[in-house]
Amino acid sequence: MVRTAVLALSVGAALVGSANAQSDLVKRGDYLVNGILTCGNCHSPKGPPAAIAGKDFSGGLSWDEPPFKVTAPNITPDKETGIGTWTDAQIKTLMRTGIRPNDVHVAMIMPTGFYHVMTDRDLDAVVAYLRTLKPVSNKVADPIYKMPQLEIVIPGGEKKFTEDMMSDKVKKGFYLVTIAHCMECHTPMEKGERQWGRLGAGGFEFPGPWGVSVSRNITSSKTKGIGAWSDEEIKRAIVAGVGKDGSNLKPPMGYQYYATLTPEDLDAVVAYLRTVPAVE
């Protein structure tokens, strides 16, 4: 009888521990998906000023560009129109390689080339959180690929990070800036090729209801970049969309998502940005 009671207690403790671990994963996934990954910025349908209530992650922005004509897909667990039939492994493969379950590469607007660095735990967390979303039935148009889609990986981001690497503030900052795909918008392209030699130099134009915004230089240049900005000024720009001179910065940068960053993560982001070579 005593032996049975001890066994029952052990099993109960193991189940509680497993449930707590899963809960922690979901919380981490929530922090990532609704924060620095800015998934809702593309995957949630917009009807100003924000996502349409009750339709989060059910398919969002559309693009008609020379390489493709696509709409950000439904990533809720809906089995008919979302990713409810995808396995965990298939979601992770898409995140890390850009390859869909049908073996076709996703449109290059999806920044999978910035997710190769994701730790195993963070990838598990994203999947765990996506599984908790409310299924929303919303069929988006099938993608049209006008040319082969390529996997463009940021230099230094070819291999997944480990949890141990996060103890280095600058490395952690690089990790966060990478999964936030900051350099996707803040590094120029010429003739369809990313100019990694001018990392962070900005220059992209983003037309929208706000007019036309241009991604700024976020290198350590003191004249063209943010080298002369204080740490607090950089943080304010990231989380509140306020420039050094106090002016309001324009969308589409997801300030509201970055506002969820912990102070420690924000410090790490700034520490890394300080190391980005100046580009005039």
# chains A, B, ... in the order shown; residues from 1 in each chain; ligands from 1
>>> residues_around(residues="Val70 in chain A", least_positions_apart="3", cutoff="8 Å", atoms="only C-alpha atoms", output="list in words")
Ser62, Trp63, Asp64, Ala107, Ala141, Asp142, Pro143 and Ile144 of chain A
>>> closest_atom_pairs(of="range 76-195 of chain A", to="range 262-273 of chain A", cutoff="6 Å", atoms="only C-alpha atoms", output="CSV")
residue,atom,partner,partner_atom,distance
A:Lys169,CA,A:Ala268,CA,5.2
A:Val170,CA,A:Tyr272,CA,4.7
A:Gly173,CA,A:Val269,CA,4.1
A:Phe174,CA,A:Tyr272,CA,5.7
>>> write_last_selection(atoms="N, CA and C atoms", output="compact mmCIF listing (two decimals), in the first residue's frame")
# COMPACT_ATOMS: atom_id res chain seq x y z
N LYS A 169 25.80 39.08 -23.70
CA LYS A 169 24.80 40.09 -24.04
C LYS A 169 24.79 40.45 -25.52
N VAL A 170 25.96 40.60 -26.13
CA VAL A 170 26.02 40.98 -27.54
C VAL A 170 25.50 39.84 -28.42
N GLY A 173 21.88 39.80 -28.17
CA GLY A 173 21.33 40.90 -28.95
C GLY A 173 21.28 40.57 -30.42
N PHE A 174 22.35 39.96 -30.94
CA PHE A 174 22.36 39.53 -32.34
C PHE A 174 21.23 38.54 -32.59
>>> closest_atom_pairs(of="range 95-149 of chain A", to="range 176-193 of chain A", cutoff="12 Å", atoms="only C-alpha atoms", output="CSV")
residue,atom,partner,partner_atom,distance
A:Met95,CA,A:Ile179,CA,10.7
A:Arg96,CA,A:Ile179,CA,11.1
A:Met108,CA,A:Glu184,CA,10.8
A:Ile109,CA,A:Glu184,CA,9.4
A:Met110,CA,A:His181,CA,10.0
A:Pro111,CA,A:His181,CA,6.8
A:Thr112,CA,A:Ile179,CA,8.9
A:Gly113,CA,A:His181,CA,8.8
A:Phe114,CA,A:Ile179,CA,5.5
A:Tyr115,CA,A:Ile179,CA,5.6
A:His116,CA,A:Ile179,CA,8.6
A:Val117,CA,A:Ile179,CA,7.5
A:Met118,CA,A:Ile179,CA,7.1
A:Thr119,CA,A:Ile179,CA,10.4
A:Asp122,CA,A:Ile179,CA,10.4
A:Leu123,CA,A:Ile179,CA,11.0
A:Gln149,CA,A:Gly192,CA,11.9
>>> write_last_selection(atoms="N, CA and C atoms", output="PDB file, in the first residue's frame")
ATOM      1  N   MET A  95       9.733  26.905 -40.508  1.00  0.00           N
ATOM      2  CA  MET A  95      10.394  28.010 -39.810  1.00  0.00           C
ATOM      3  C   MET A  95      11.893  28.018 -40.069  1.00  0.00           C
ATOM      4  N   ARG A  96      12.516  26.857 -40.072  1.00  0.00           N
ATOM      5  CA  ARG A  96      13.975  26.789 -40.160  1.00  0.00           C
ATOM      6  C   ARG A  96      14.514  26.712 -41.579  1.00  0.00           C
ATOM      7  N   MET A 108       9.494  34.409 -50.495  1.00  0.00           N
ATOM      8  CA  MET A 108      10.646  35.001 -49.805  1.00  0.00           C
ATOM      9  C   MET A 108      10.279  36.150 -48.882  1.00  0.00           C
ATOM     10  N   ILE A 109       9.024  36.610 -48.931  1.00  0.00           N
ATOM     11  CA  ILE A 109       8.600  37.652 -48.000  1.00  0.00           C
ATOM     12  C   ILE A 109       8.561  37.113 -46.578  1.00  0.00           C
ATOM     13  N   MET A 110       8.414  35.795 -46.433  1.00  0.00           N
ATOM     14  CA  MET A 110       8.470  35.152 -45.124  1.00  0.00           C
ATOM     15  C   MET A 110       9.937  35.032 -44.731  1.00  0.00           C
ATOM     16  N   PRO A 111      10.351  35.686 -43.631  1.00  0.00           N
ATOM     17  CA  PRO A 111      11.785  35.792 -43.317  1.00  0.00           C
ATOM     18  C   PRO A 111      12.392  34.559 -42.656  1.00  0.00           C
ATOM     19  N   THR A 112      12.180  33.386 -43.267  1.00  0.00           N
ATOM     20  CA  THR A 112      12.705  32.159 -42.661  1.00  0.00           C
ATOM     21  C   THR A 112      14.233  32.146 -42.614  1.00  0.00           C
ATOM     22  N   GLY A 113      14.876  32.905 -43.486  1.00  0.00           N
ATOM     23  CA  GLY A 113      16.332  32.975 -43.463  1.00  0.00           C
ATOM     24  C   GLY A 113      16.880  33.631 -42.210  1.00  0.00           C
ATOM     25  N   PHE A 114      15.997  34.243 -41.417  1.00  0.00           N
ATOM     26  CA  PHE A 114      16.410  34.864 -40.156  1.00  0.00           C
ATOM     27  C   PHE A 114      16.071  33.965 -38.962  1.00  0.00           C
ATOM     28  N   TYR A 115      15.450  32.826 -39.233  1.00  0.00           N
ATOM     29  CA  TYR A 115      15.037  31.933 -38.143  1.00  0.00           C
ATOM     30  C   TYR A 115      15.947  30.726 -37.970  1.00  0.00           C
ATOM     31  N   HIS A 116      16.976  30.598 -38.811  1.00  0.00           N
ATOM     32  CA  HIS A 116      17.898  29.469 -38.670  1.00  0.00           C
ATOM     33  C   HIS A 116      18.590  29.499 -37.311  1.00  0.00           C
ATOM     34  N   VAL A 117      18.709  30.687 -36.728  1.00  0.00           N
ATOM     35  CA  VAL A 117      19.409  30.816 -35.438  1.00  0.00           C
ATOM     36  C   VAL A 117      18.542  30.391 -34.254  1.00  0.00           C
ATOM     37  N   MET A 118      17.248  30.210 -34.464  1.00  0.00           N
ATOM     38  CA  MET A 118      16.356  29.976 -33.336  1.00  0.00           C
ATOM     39  C   MET A 118      16.779  28.760 -32.526  1.00  0.00           C
ATOM     40  N   THR A 119      16.793  28.926 -31.215  1.00  0.00           N
ATOM     41  CA  THR A 119      17.125  27.807 -30.341  1.00  0.00           C
ATOM     42  C   THR A 119      16.023  26.762 -30.439  1.00  0.00           C
ATOM     43  N   ASP A 122      13.092  27.803 -28.231  1.00  0.00           N
ATOM     44  CA  ASP A 122      12.235  28.852 -28.775  1.00  0.00           C
ATOM     45  C   ASP A 122      11.364  28.330 -29.912  1.00  0.00           C
ATOM     46  N   LEU A 123      11.905  27.453 -30.724  1.00  0.00           N
ATOM     47  CA  LEU A 123      11.117  26.868 -31.804  1.00  0.00           C
ATOM     48  C   LEU A 123       9.985  26.018 -31.227  1.00  0.00           C
ATOM     49  N   GLN A 149      11.771  30.394 -55.391  1.00  0.00           N
ATOM     50  CA  GLN A 149      11.960  31.139 -54.147  1.00  0.00           C
ATOM     51  C   GLN A 149      13.226  30.637 -53.454  1.00  0.00           C
TER      52      GLN A 149
END
>>> closest_residue(among="A:Pro77, A:Gly29, A:Gly208, A:Gly225", to="Met253 in chain A", atoms="only C-alpha atoms")
A:Gly208
>>> residues_around(residues="Asn102 in chain A", least_positions_apart="4", cutoff="12 Å", atoms="only C-alpha atoms", output="ChimeraX atom specification")
/A:86,90,93-94,98,106
>>> write_last_selection(atoms="C-alpha atoms", output="short mmCIF file (atom, residue, chain, number, x, y, z; two decimals), in the first residue's frame")
data_model
loop_
_atom_site.label_atom_id
_atom_site.label_comp_id
_atom_site.auth_asym_id
_atom_site.auth_seq_id
_atom_site.Cartn_x
_atom_site.Cartn_y
_atom_site.Cartn_z
CA TRP A 86 0.49 20.19 -39.94
CA GLN A 90 6.41 20.37 -40.44
CA THR A 93 10.82 22.72 -40.95
CA LEU A 94 8.98 25.68 -42.46
CA GLY A 98 11.30 27.80 -45.64
CA VAL A 106 7.49 29.57 -49.15
#
>>> residues_around(residues="range 213-222 of chain A", least_positions_apart="2", cutoff="9 Å", atoms="only C-alpha atoms", output="mmCIF file with C-alpha atoms, in the first residue's frame")
data_model
loop_
_atom_site.group_PDB
_atom_site.id
_atom_site.type_symbol
_atom_site.label_atom_id
_atom_site.label_comp_id
_atom_site.auth_asym_id
_atom_site.auth_seq_id
_atom_site.Cartn_x
_atom_site.Cartn_y
_atom_site.Cartn_z
ATOM 1 C CA CYS A 185 14.168 46.042 -43.808
ATOM 2 C CA HIS A 186 17.253 47.907 -42.615
ATOM 3 C CA THR A 187 19.757 46.412 -45.109
ATOM 4 C CA LEU A 199 24.341 45.718 -43.100
ATOM 5 C CA GLY A 200 21.941 48.086 -41.371
ATOM 6 C CA ALA A 201 22.386 50.976 -43.820
ATOM 7 C CA GLY A 202 18.619 51.298 -44.440
ATOM 8 C CA GLY A 203 17.075 52.893 -47.498
ATOM 9 C CA PHE A 204 14.005 50.737 -48.167
ATOM 10 C CA GLU A 205 10.847 52.626 -49.064
ATOM 11 C CA PHE A 206 7.523 51.517 -47.582
ATOM 12 C CA PRO A 207 4.437 53.142 -49.112
ATOM 13 C CA GLY A 208 1.210 52.913 -47.143
ATOM 14 C CA TRP A 210 1.071 56.803 -43.696
ATOM 15 C CA GLY A 211 2.630 58.024 -46.946
ATOM 16 C CA LYS A 224 24.091 58.774 -40.762
ATOM 17 C CA GLY A 225 23.194 56.089 -38.239
ATOM 18 C CA ILE A 226 22.397 55.868 -34.524
ATOM 19 C CA GLY A 227 25.939 56.133 -33.205
ATOM 20 C CA ALA A 228 25.195 59.506 -31.612
ATOM 21 C CA TRP A 229 21.951 58.314 -30.019
ATOM 22 C CA LEU A 249 8.351 57.547 -36.560
ATOM 23 C CA LYS A 250 6.157 56.050 -39.272
ATOM 24 C CA PRO A 251 4.940 52.466 -39.720
ATOM 25 C CA PRO A 252 5.287 49.698 -40.787
ATOM 26 C CA MET A 253 7.848 48.976 -38.041
ATOM 27 C CA LEU A 273 23.414 47.472 -32.401
ATOM 28 C CA ARG A 274 26.412 49.307 -30.927
ATOM 29 C CA THR A 275 28.645 46.730 -32.656
ATOM 30 C CA VAL A 276 27.179 47.083 -36.162
ATOM 31 C CA PRO A 277 29.938 48.652 -38.301
ATOM 32 C CA ALA A 278 29.297 52.244 -39.359
ATOM 33 C CA VAL A 279 28.041 52.719 -42.898
ATOM 34 C CA GLU A 280 27.902 56.293 -44.135
#
>>> closest_residue(among="A:Val153, A:Ala259, A:Ile91, A:Cys42", to="Gly59 in chain A", atoms="only C-alpha atoms")
A:Cys42
